[in-house]
>>> print(open('protein_22.tsv').read())   # TSV, C-alpha atoms
chain	number	residue	atom	x	y	z
M	1	MET	CA	113.92	96.11	190.18
M	2	THR	CA	113.28	92.91	188.35
M	3	ASP	CA	114.58	90.46	190.96
M	4	THR	CA	114.06	90.45	194.66
M	5	PRO	CA	117.33	90.16	196.60
M	6	ILE	CA	118.44	86.68	197.62
M	7	ILE	CA	118.36	86.68	201.41
M	8	MET	CA	120.12	83.72	202.96
M	9	HIS	CA	119.40	82.76	206.56
M	10	GLU	CA	121.52	80.58	208.83
M	11	GLN	CA	119.46	77.40	208.60
M	12	GLN	CA	119.07	77.36	204.83
M	13	TYR	CA	122.75	78.20	204.43
M	14	HIS	CA	123.73	75.12	206.42
M	15	GLN	CA	121.31	72.94	204.47
M	16	LEU	CA	122.75	74.33	201.27
M	17	ARG	CA	126.30	73.59	202.31
M	18	HIS	CA	125.23	70.10	203.29
M	19	VAL	CA	123.78	69.44	199.80
M	20	LEU	CA	126.92	70.83	198.15
M	21	ASN	CA	129.21	68.77	200.33
M	22	LYS	CA	127.22	65.61	199.63
M	23	LEU	CA	127.47	66.31	195.92
M	24	ARG	CA	131.20	66.91	196.18
M	25	LEU	CA	131.80	63.63	198.00
M	26	GLU	CA	129.53	61.54	195.79
M	27	SER	CA	130.90	62.96	192.55
M	28	PHE	CA	134.54	62.81	193.71
M	29	SER	CA	134.96	66.40	192.63
M	30	ARG	CA	137.39	69.01	193.87
M	31	VAL	CA	135.14	72.02	194.48
M	32	VAL	CA	131.41	72.58	194.23
M	33	PHE	CA	129.93	76.02	194.41
M	34	LEU	CA	126.73	77.87	193.89
M	35	VAL	CA	126.55	81.22	192.14
M	36	ASP	CA	123.61	83.44	191.32
M	37	LYS	CA	123.08	84.24	187.65
M	38	ASN	CA	124.54	87.71	188.19
M	39	GLY	CA	127.87	86.31	189.35
M	40	GLN	CA	127.63	86.52	193.13
M	41	GLN	CA	128.97	83.48	194.92
M	42	ILE	CA	126.40	82.03	197.34
M	43	ALA	CA	128.26	79.08	198.86
M	44	ALA	CA	131.30	76.92	198.14
M	45	GLN	CA	132.46	73.52	199.39
M	46	GLY	CA	135.64	71.56	198.87
M	47	ASP	CA	139.33	71.92	198.35
M	48	ILE	CA	139.32	75.66	197.63
M	49	GLY	CA	142.93	76.39	198.62
M	50	GLU	CA	144.25	79.14	196.37
M	51	LEU	CA	141.30	78.95	193.99
M	52	ASP	CA	139.84	82.43	193.40
M	53	THR	CA	136.18	81.47	193.69
M	54	THR	CA	134.94	85.08	193.49
M	55	SER	CA	136.47	85.55	190.05
M	56	LEU	CA	135.42	82.07	189.00
M	57	ALA	CA	131.84	82.89	190.04
M	58	SER	CA	131.67	86.05	187.96
M	59	LEU	CA	133.25	84.32	184.95
M	60	ALA	CA	130.89	81.32	185.25
M	61	ALA	CA	127.92	83.71	185.26
M	62	GLY	CA	129.39	85.58	182.28
M	63	ASN	CA	129.89	82.28	180.49
M	64	VAL	CA	126.29	81.20	181.11
M	65	ALA	CA	124.99	84.63	180.12
M	66	ALA	CA	126.96	84.57	176.87
M	67	THR	CA	125.92	81.03	175.89
M	68	GLY	CA	122.33	81.88	176.93
M	69	GLY	CA	122.49	84.81	174.52
M	70	MET	CA	123.69	82.47	171.76
M	71	ALA	CA	120.90	80.02	172.60
M	72	ARG	CA	118.25	82.69	172.16
M	73	LEU	CA	119.75	83.73	168.83
M	74	ILE	CA	119.25	80.22	167.47
M	75	GLY	CA	115.76	79.89	168.97
M	76	GLU	CA	116.56	77.99	172.18
M	77	LYS	CA	115.49	79.24	175.62
M	78	GLU	CA	118.87	78.47	177.17
M	79	PHE	CA	121.55	75.78	177.34
M	80	PRO	CA	120.81	74.27	180.76
M	81	THR	CA	124.25	72.68	181.22
M	82	LEU	CA	127.75	73.64	180.11
M	83	SER	CA	130.90	71.57	180.35
M	84	HIS	CA	134.50	72.53	179.76
M	85	GLU	CA	137.07	69.76	179.72
M	86	GLY	CA	140.73	70.52	180.28
M	87	GLU	CA	143.83	68.35	180.33
M	88	ARG	CA	143.64	67.85	184.09
M	89	GLU	CA	140.80	69.99	185.50
M	90	SER	CA	137.29	70.30	184.13
M	91	ILE	CA	134.22	72.37	184.94
M	92	HIS	CA	130.56	71.44	184.72
M	93	ILE	CA	127.89	74.14	185.14
M	94	CYS	CA	124.18	73.50	185.55
M	95	ILE	CA	121.46	76.17	185.63
M	96	ILE	CA	118.93	75.70	188.44
M	97	GLY	CA	116.35	78.49	188.32
M	98	ARG	CA	118.11	81.71	189.24
M	99	VAL	CA	121.32	80.04	190.39
M	100	LEU	CA	124.20	78.12	188.82
M	101	LEU	CA	125.73	74.98	190.25
M	102	VAL	CA	129.41	74.83	189.34
M	103	VAL	CA	131.48	71.66	189.81
M	104	VAL	CA	135.25	71.61	189.38
M	105	PHE	CA	136.66	68.11	189.01
M	106	ASP	CA	139.80	66.28	187.87
M	107	GLU	CA	140.77	62.80	186.72
M	108	ARG	CA	139.51	61.26	189.96
M	109	SER	CA	136.00	61.74	188.57
M	110	SER	CA	134.33	61.77	185.15
M	111	LEU	CA	131.87	64.00	183.34
M	112	GLY	CA	129.27	61.22	183.32
M	113	LEU	CA	129.42	60.75	187.08
M	114	VAL	CA	129.38	64.49	187.73
M	115	LYS	CA	126.33	64.95	185.47
M	116	LEU	CA	124.48	62.14	187.23
M	117	ARG	CA	125.18	63.47	190.73
M	118	VAL	CA	124.41	67.06	189.69
M	119	LYS	CA	121.02	65.93	188.42
M	120	GLN	CA	120.24	64.42	191.82
M	121	ALA	CA	121.51	67.45	193.74
M	122	SER	CA	119.55	69.83	191.47
M	123	ARG	CA	116.29	68.48	192.81
M	124	ASP	CA	117.35	69.13	196.43
M	125	LEU	CA	118.62	72.59	195.54
M	126	SER	CA	115.42	73.53	193.69
M	127	LEU	CA	113.37	72.60	196.76
M	128	LEU	CA	115.73	74.48	199.02
M	129	PHE	CA	115.53	77.64	196.92
M	130	GLU	CA	111.73	77.43	196.78
M	131	GLU	CA	111.74	77.31	200.58
M	132	LEU	CA	114.23	80.18	200.73
M	133	GLU	CA	112.03	82.37	198.53
M	134	ARG	CA	108.98	81.53	200.65
M	135	ILE	CA	110.75	82.32	203.94
M	136	SER	CA	112.23	85.53	202.54
M	137	ALA	CA	108.80	86.69	201.35
M	138	GLU	CA	107.25	85.89	204.75
M	139	ARG	CA	109.97	87.73	206.64
M	140	ARG	CA	109.82	90.71	204.31
M	141	ALA	CA	106.11	90.97	205.02
M	142	SER	CA	106.37	90.54	208.77
M	143	GLU	CA	109.67	92.13	209.82
M	144	ASP	CA	111.33	95.47	209.42
M	145	SER	CA	114.54	95.21	207.43
M	146	LEU	CA	117.68	95.20	209.52
M	147	PHE	CA	119.03	97.68	207.00
M	148	ALA	CA	116.28	100.19	207.74
M	149	GLU	CA	118.42	101.11	210.75
M	150	ILE	CA	121.47	101.99	208.66
M	151	THR	CA	122.28	105.66	209.17
M	152	ASP	CA	124.06	108.11	206.87
M	153	ASP	CA	126.95	108.02	209.35
M	154	ASP	CA	127.21	104.22	208.97
M	155	ILE	CA	127.49	104.64	205.22
M	156	ASP	CA	129.96	107.52	205.46
M	157	SER	CA	132.17	105.55	207.83
M	158	LEU	CA	132.79	102.97	205.08
M	159	PHE	CA	134.68	105.56	203.10
M	160	ASN	CA	136.78	107.10	205.82
N	1	MET	CA	120.48	92.40	192.66
N	2	THR	CA	121.78	92.53	196.19
N	3	PHE	CA	122.68	89.25	197.88
N	4	ILE	CA	122.39	89.32	201.66
N	5	ASN	CA	123.86	86.40	203.57
N	6	TYR	CA	122.87	86.40	207.24
N	7	ALA	CA	124.94	83.28	207.90
N	8	SER	CA	128.26	84.77	206.79
N	9	ARG	CA	127.01	88.33	207.48
N	10	GLU	CA	127.75	89.73	204.04
N	11	ILE	CA	126.05	92.10	201.63
N	12	ASN	CA	127.07	91.84	197.96
N	13	CYS	CA	126.12	94.51	195.43
N	14	LYS	CA	126.83	94.96	191.72
N	15	ILE	CA	127.96	98.24	190.18
N	16	VAL	CA	128.41	98.66	186.42
N	17	TYR	CA	130.57	101.30	184.70
N	18	TYR	CA	128.98	102.20	181.37
N	19	GLY	CA	129.98	104.59	178.59
N	20	PRO	CA	131.25	104.90	175.02
N	21	GLY	CA	134.40	103.18	173.74
N	22	LEU	CA	137.68	104.52	175.16
N	23	CYS	CA	135.95	106.81	177.71
N	24	GLY	CA	137.97	105.37	180.60
N	25	LYS	CA	135.76	102.73	182.25
N	26	THR	CA	138.58	100.20	182.57
N	27	THR	CA	140.94	102.99	183.68
N	28	ASN	CA	138.54	103.78	186.56
N	29	LEU	CA	138.64	100.15	187.68
N	30	GLN	CA	142.39	99.91	187.19
N	31	TYR	CA	142.93	102.97	189.39
N	32	ILE	CA	140.66	101.59	192.12
N	33	TYR	CA	142.49	98.30	191.90
N	34	ASP	CA	145.95	99.89	192.09
N	35	SER	CA	145.08	102.11	195.04
N	36	THR	CA	143.27	99.61	197.23
N	37	ALA	CA	144.90	97.54	199.95
N	38	PRO	CA	145.37	93.89	198.90
N	39	THR	CA	143.17	92.73	201.77
N	40	SER	CA	140.19	94.70	200.43
N	41	LYS	CA	140.20	93.48	196.87
N	42	GLY	CA	140.17	90.36	194.76
N	43	LYS	CA	141.73	89.96	191.34
N	44	LEU	CA	141.02	92.37	188.50
N	45	ILE	CA	139.72	90.21	185.69
N	46	SER	CA	139.85	91.72	182.21
N	47	LEU	CA	138.32	89.95	179.27
N	48	ALA	CA	139.98	92.04	176.62
N	49	THR	CA	141.05	91.75	172.98
N	50	GLU	CA	144.71	91.50	171.99
N	51	THR	CA	144.74	95.27	171.64
N	52	ASP	CA	143.44	95.73	175.20
N	53	ARG	CA	139.92	96.75	174.24
N	54	THR	CA	137.29	95.28	176.57
N	55	LEU	CA	135.73	92.29	174.84
N	56	PHE	CA	133.19	91.17	177.43
N	57	PHE	CA	133.78	92.80	180.80
N	58	ASP	CA	136.27	93.79	183.49
N	59	PHE	CA	135.51	92.69	187.00
N	60	MET	CA	136.86	93.32	190.45
N	61	PRO	CA	135.44	92.60	193.88
N	62	LEU	CA	136.00	95.33	196.46
N	63	GLU	CA	135.34	95.09	200.17
N	64	LEU	CA	134.55	98.42	201.79
N	65	GLY	CA	134.15	97.51	205.45
N	66	THR	CA	131.26	96.63	207.73
N	67	VAL	CA	127.87	98.20	208.22
N	68	ARG	CA	125.88	97.01	211.23
N	69	GLY	CA	128.07	93.93	211.44
N	70	PHE	CA	127.69	93.06	207.75
N	71	LYS	CA	130.69	93.03	205.42
N	72	THR	CA	129.85	95.12	202.37
N	73	ARG	CA	131.30	93.84	199.15
N	74	PHE	CA	130.90	95.62	195.83
N	75	HIS	CA	131.37	93.80	192.56
N	76	LEU	CA	132.55	96.34	190.01
N	77	TYR	CA	132.01	95.61	186.33
N	78	THR	CA	132.70	97.52	183.12
N	79	VAL	CA	130.95	96.92	179.82
N	80	PRO	CA	132.62	96.87	176.39
N	81	GLY	CA	132.08	100.35	174.98
N	82	GLN	CA	132.28	99.64	171.27
N	83	VAL	CA	128.89	99.89	169.58
N	84	PHE	CA	128.83	96.36	168.14
N	85	TYR	CA	129.15	94.68	171.57
N	86	ASP	CA	125.61	95.62	172.52
N	87	ALA	CA	124.48	92.06	173.32
N	88	SER	CA	127.27	91.78	175.91
N	89	ARG	CA	126.37	95.13	177.48
N	90	LYS	CA	122.79	94.02	177.93
N	91	LEU	CA	123.90	90.82	179.69
N	92	ILE	CA	126.23	92.62	182.08
N	93	LEU	CA	123.46	94.96	183.25
N	94	LYS	CA	121.47	92.00	184.55
N	95	GLY	CA	121.07	92.24	188.31
N	96	VAL	CA	122.76	95.63	188.53
N	97	ASP	CA	122.39	97.64	191.76
N	98	GLY	CA	124.03	100.88	190.61
N	99	VAL	CA	125.38	102.43	187.40
N	100	VAL	CA	128.20	104.89	186.71
N	101	PHE	CA	128.08	106.54	183.29
N	102	VAL	CA	131.59	107.57	182.27
N	103	ALA	CA	131.37	110.35	179.70
N	104	ASP	CA	134.35	111.36	177.56
N	105	SER	CA	134.75	115.13	177.85
N	106	GLN	CA	136.44	115.58	174.48
N	107	GLU	CA	134.35	117.62	172.07
N	108	GLU	CA	134.54	115.05	169.29
N	109	ARG	CA	133.20	112.29	171.59
N	110	MET	CA	130.00	114.08	172.56
N	111	ASP	CA	127.88	112.24	169.98
N	112	ALA	CA	129.28	108.93	171.23
N	113	ASN	CA	128.35	109.92	174.82
N	114	ILE	CA	124.79	110.73	173.81
N	115	GLU	CA	124.43	107.51	171.85
N	116	SER	CA	125.86	105.44	174.72
N	117	LEU	CA	123.59	107.08	177.31
N	118	TYR	CA	120.59	106.37	175.13
N	119	ASN	CA	121.83	102.78	174.75
N	120	LEU	CA	122.18	102.49	178.55
N	121	GLU	CA	118.60	103.60	179.05
N	122	GLU	CA	117.39	101.14	176.42
N	123	ASN	CA	119.38	98.20	177.83
N	124	LEU	CA	118.28	98.94	181.37
N	125	GLN	CA	114.68	98.94	180.20
N	126	ALA	CA	115.26	95.59	178.48
N	127	ASN	CA	116.33	94.25	181.90
N	128	GLY	CA	113.34	95.81	183.67
N	129	TYR	CA	115.09	98.84	185.20
N	130	ASP	CA	114.44	102.55	184.93
N	131	LEU	CA	117.49	104.82	184.73
N	132	ASP	CA	115.62	107.50	186.67
N	133	LYS	CA	115.01	105.13	189.58
N	134	ILE	CA	118.20	103.14	190.08
N	135	PRO	CA	121.32	104.46	191.86
N	136	TYR	CA	123.13	106.41	189.16
N	137	VAL	CA	126.14	108.73	188.87
N	138	LEU	CA	127.46	110.73	185.93
N	139	GLN	CA	131.24	111.06	185.64
N	140	LEU	CA	132.78	113.60	183.26
N	141	ASN	CA	136.14	112.03	182.53
N	142	LYS	CA	139.34	113.24	180.84
N	143	ARG	CA	138.98	116.79	182.16
N	144	ASP	CA	142.76	117.26	181.75
N	145	LEU	CA	142.69	117.13	177.96
N	146	PRO	CA	142.94	120.35	175.90
N	147	ASN	CA	139.88	119.84	173.73
N	148	VAL	CA	137.22	119.31	176.40
N	149	LEU	CA	133.74	120.78	176.35
N	150	PRO	CA	132.70	123.10	179.18
N	151	VAL	CA	130.98	121.23	182.02
N	152	GLU	CA	127.72	123.19	181.56
N	153	GLU	CA	127.53	122.19	177.93
N	154	MET	CA	128.02	118.51	178.77
N	155	LEU	CA	125.45	118.63	181.53
N	156	ALA	CA	122.92	120.23	179.22
N	157	GLU	CA	123.17	117.14	177.00
N	158	LEU	CA	123.83	114.34	179.48
N	159	LYS	CA	122.39	115.22	182.88
N	160	ARG	CA	119.00	113.76	183.59
N	161	ASN	CA	117.62	114.71	186.99
N	162	GLY	CA	119.29	114.96	190.33
N	163	GLU	CA	122.09	112.46	189.77
N	164	PRO	CA	125.47	113.34	191.30
N	165	VAL	CA	128.05	114.54	188.79
N	166	HIS	CA	131.81	114.17	189.21
N	167	GLU	CA	134.58	115.61	187.11
N	168	ALA	CA	137.43	113.15	186.75
N	169	VAL	CA	140.79	112.31	185.28
N	170	ALA	CA	140.72	108.54	185.70
N	171	SER	CA	144.31	108.11	184.50
N	172	ASN	CA	145.62	109.96	187.57
N	173	GLY	CA	142.74	109.02	189.87
N	174	ALA	CA	141.12	112.43	190.22
N	175	GLY	CA	137.41	111.96	190.94
N	176	VAL	CA	137.56	108.16	190.71
N	177	PHE	CA	136.89	107.42	194.37
N	178	ASP	CA	134.39	110.28	194.65
N	179	THR	CA	132.41	108.63	191.86
N	180	LEU	CA	132.58	105.21	193.48
N	181	LYS	CA	131.62	106.58	196.87
N	182	SER	CA	128.70	108.43	195.35
N	183	VAL	CA	127.21	105.38	193.67
N	184	ALA	CA	127.95	103.02	196.58
N	185	LYS	CA	126.23	105.40	198.96
N	186	GLN	CA	123.12	105.44	196.79
N	187	VAL	CA	123.10	101.63	196.59
N	188	LEU	CA	123.23	101.30	200.38
N	189	THR	CA	120.60	103.99	200.80
N	190	GLU	CA	118.37	102.10	198.37
N	191	LEU	CA	118.94	98.93	200.42
N	192	ARG	CA	117.80	100.78	203.53
N	193	ARG	CA	114.69	102.00	201.74
N	194	SER	CA	113.70	98.60	200.37
>>> encode(input="protein_22.tsv", output="structure tokens")
Amino acid sequence: MTDTPIIMHEQQYHQLRHVLNKLRLESFSRVVFLVDKNGQQIAAQGDIGELDTTSLASLAAGNVAATGGMARLIGEKEFPTLSHEGERESIHICIIGRVLLVVVFDERSSLGLVKLRVKQASRDLSLLFEELERISAERRASEDSLFAEITDDDIDSLFN
Amino acid sequence: MTFINYASREINCKIVYYGPGLCGKTTNLQYIYDSTAPTSKGKLISLATETDRTLFFDFMPLELGTVRGFKTRFHLYTVPGQVFYDASRKLILKGVDGVVFVADSQEERMDANIESLYNLEENLQANGYDLDKIPYVLQLNKRDLPNVLPVEEMLAELKRNGEPVHEAVASNGAGVFDTLKSVAKQVLTELRRS
């Protein structure tokens, strides 16, 4: 496999949510969430309500993948940020390493403010993900996987 | 690429349905969607053309239950089957944990099956995967049609090694869940091994 799995532990998850919440408050945005580049939602903060964040996550990743493909065709490595402005709601997406930071905002905020705050939060998130990778690597080396104990019966029971 | 969240106790895996145009990839997903309890699934997202051909992908999240206290959630994707959407197919395979190849059993679609399987192998390689090593299932779809090839003949062309094979009629659901179960089981077994 090309990528190691993202393994999120309690402490890092709380730190992550803290960074996302801070970003949400400081950018006056509606929802902030983090998605891996393959479309899996990692964490979300804000006024989620009826918003289908799982679908939004997979579509955001598809969007970034498609524009990344276009970037490579014209000789760019990637387009690091994407913005879509609607009549009332808008979306700003920023690529941070292997994850995407997605901010949904309305007229209470502005693209300029969101971009500024995202830039600041990106630094915190990069550091956090570096730490996460380091911890995951250490634990992989020192601990047996919890999933090593999964039995065939456990798996079969999912389908009964 | 599996995502394991110890804080919310969730495992998320990605399964991709691959195959030539009109082989029934979307129909597989549609059947799973229609026959699953609302509490176990999210929305079925279809990025399709005006004539209902898949343009980018179909997507649905499916929750299967818990293993060792972890919720297992599978994200099911299809790729666009038409030959000229190759760039999109390559993108969708990124981070895949398991693949289902849906073959069209009709005699006249055999060349398209072979070409698509070759394309799958090539696109997996481009993403750093080896078809012989990742969780993989072969589904022989449309077995109810009059002009189908015998199973043995299809296997001689399409079967690789020891991958599970399922005969199916996705439009009425026959073999659809067997296929899903087969690939999901391999993904979880792989997780245990790694």
>>> atom_distance(input="protein_22.tsv", atom1="CA of Ser182 (chain N)", atom2="CA of Phe3 (chain N)")
20.3 Å
>>> atom_distance(input="protein_22.tsv", atom1="CA of Ser27 (chain M)", atom2="CA of Ser109 (chain M)")
6.6 Å
>>> residues_around(input="protein_22.tsv", residues="Lys185 (chain N)", least_positions_apart="3", cutoff="8 Å", atoms="all atoms listed in the file", output="number ranges by chain")
M: 155-156; N: 181-182, 188-189
>>> interface_residues(input="protein_22.tsv", of="chain M", to="chain N", cutoff="6 Å", atoms="all atoms listed in the file", output="PDB file with C-alpha atoms, in the coordinates of the input")
ATOM      1  CA  MET M   1     113.920  96.110 190.180  1.00  0.00           C
ATOM      2  CA  THR M   2     113.280  92.910 188.350  1.00  0.00           C
ATOM      3  CA  PRO M   5     117.330  90.160 196.600  1.00  0.00           C
ATOM      4  CA  ILE M   6     118.440  86.680 197.620  1.00  0.00           C
ATOM      5  CA  ILE M   7     118.360  86.680 201.410  1.00  0.00           C
ATOM      6  CA  MET M   8     120.120  83.720 202.960  1.00  0.00           C
ATOM      7  CA  HIS M   9     119.400  82.760 206.560  1.00  0.00           C
ATOM      8  CA  GLU M  10     121.520  80.580 208.830  1.00  0.00           C
ATOM      9  CA  ASN M  38     124.540  87.710 188.190  1.00  0.00           C
ATOM     10  CA  PHE M 147     119.030  97.680 207.000  1.00  0.00           C
ATOM     11  CA  ALA M 148     116.280 100.190 207.740  1.00  0.00           C
ATOM     12  CA  LEU M 158     132.790 102.970 205.080  1.00  0.00           C
TER      13      LEU M 158
END
>>> closest_residue(input="protein_22.tsv", among="M:Val64, M:Ile91, M:Val31, M:Leu125", to="Glu78 (chain M)", atoms="all atoms listed in the file")
M:Val64
>>> residues_around(input="protein_22.tsv", residues="Leu120 (chain N)", least_positions_apart="6", cutoff="9 Å", atoms="all atoms listed in the file", output="list in words")
Tyr18, Gly19, Arg89, Lys90, Leu93, Phe101 and Leu131 of chain N
>>> atom_distance(input="protein_22.tsv", atom1="CA of Ala44 (chain M)", atom2="CA of His14 (chain M)")
11.4 Å
>>> closest_residue(input="protein_22.tsv", among="N:Asp52, N:Glu167, N:Asp86, N:Glu157", to="Asn141 (chain N)", atoms="all atoms listed in the file")
N:Glu167
>>> closest_residue(input="protein_22.tsv", among="M:Ile135, M:Val99, M:Val19, M:Leu51", to="Val35 (chain M)", atoms="all atoms listed in the file")
M:Val99
>>> residues_near_point(input="protein_22.tsv", point="(135.9, 62.5, 181.3)", cutoff="10 Å", atoms="all atoms listed in the file", output="CSV table (one decimal) with C-alpha atoms, in the coordinates of the input")
chain,number,residue,atom,x,y,z
M,85,GLU,CA,137.1,69.8,179.7
M,86,GLY,CA,140.7,70.5,180.3
M,87,GLU,CA,143.8,68.4,180.3
M,88,ARG,CA,143.6,67.8,184.1
M,89,GLU,CA,140.8,70.0,185.5
M,90,SER,CA,137.3,70.3,184.1
M,105,PHE,CA,136.7,68.1,189.0
M,106,ASP,CA,139.8,66.3,187.9
M,107,GLU,CA,140.8,62.8,186.7
M,108,ARG,CA,139.5,61.3,190.0
M,109,SER,CA,136.0,61.7,188.6
M,110,SER,CA,134.3,61.8,185.2
M,111,LEU,CA,131.9,64.0,183.3
M,112,GLY,CA,129.3,61.2,183.3
M,113,LEU,CA,129.4,60.8,187.1
M,114,VAL,CA,129.4,64.5,187.7
>>> residues_around(input="protein_22.tsv", residues="Val183 (chain N)", least_positions_apart="6", cutoff="9 Å", atoms="only C-alpha atoms", output="VMD selection string")
chain N and resid 15 98 to 100 135 to 137 164
>>> write_last_selection(input="protein_22.tsv", atoms="C-alpha atoms", output="CSV table (one decimal), in the coordinates of the input")
chain,number,residue,atom,x,y,z
N,15,ILE,CA,128.0,98.2,190.2
N,98,GLY,CA,124.0,100.9,190.6
N,99,VAL,CA,125.4,102.4,187.4
N,100,VAL,CA,128.2,104.9,186.7
N,135,PRO,CA,121.3,104.5,191.9
N,136,TYR,CA,123.1,106.4,189.2
N,137,VAL,CA,126.1,108.7,188.9
N,164,PRO,CA,125.5,113.3,191.3
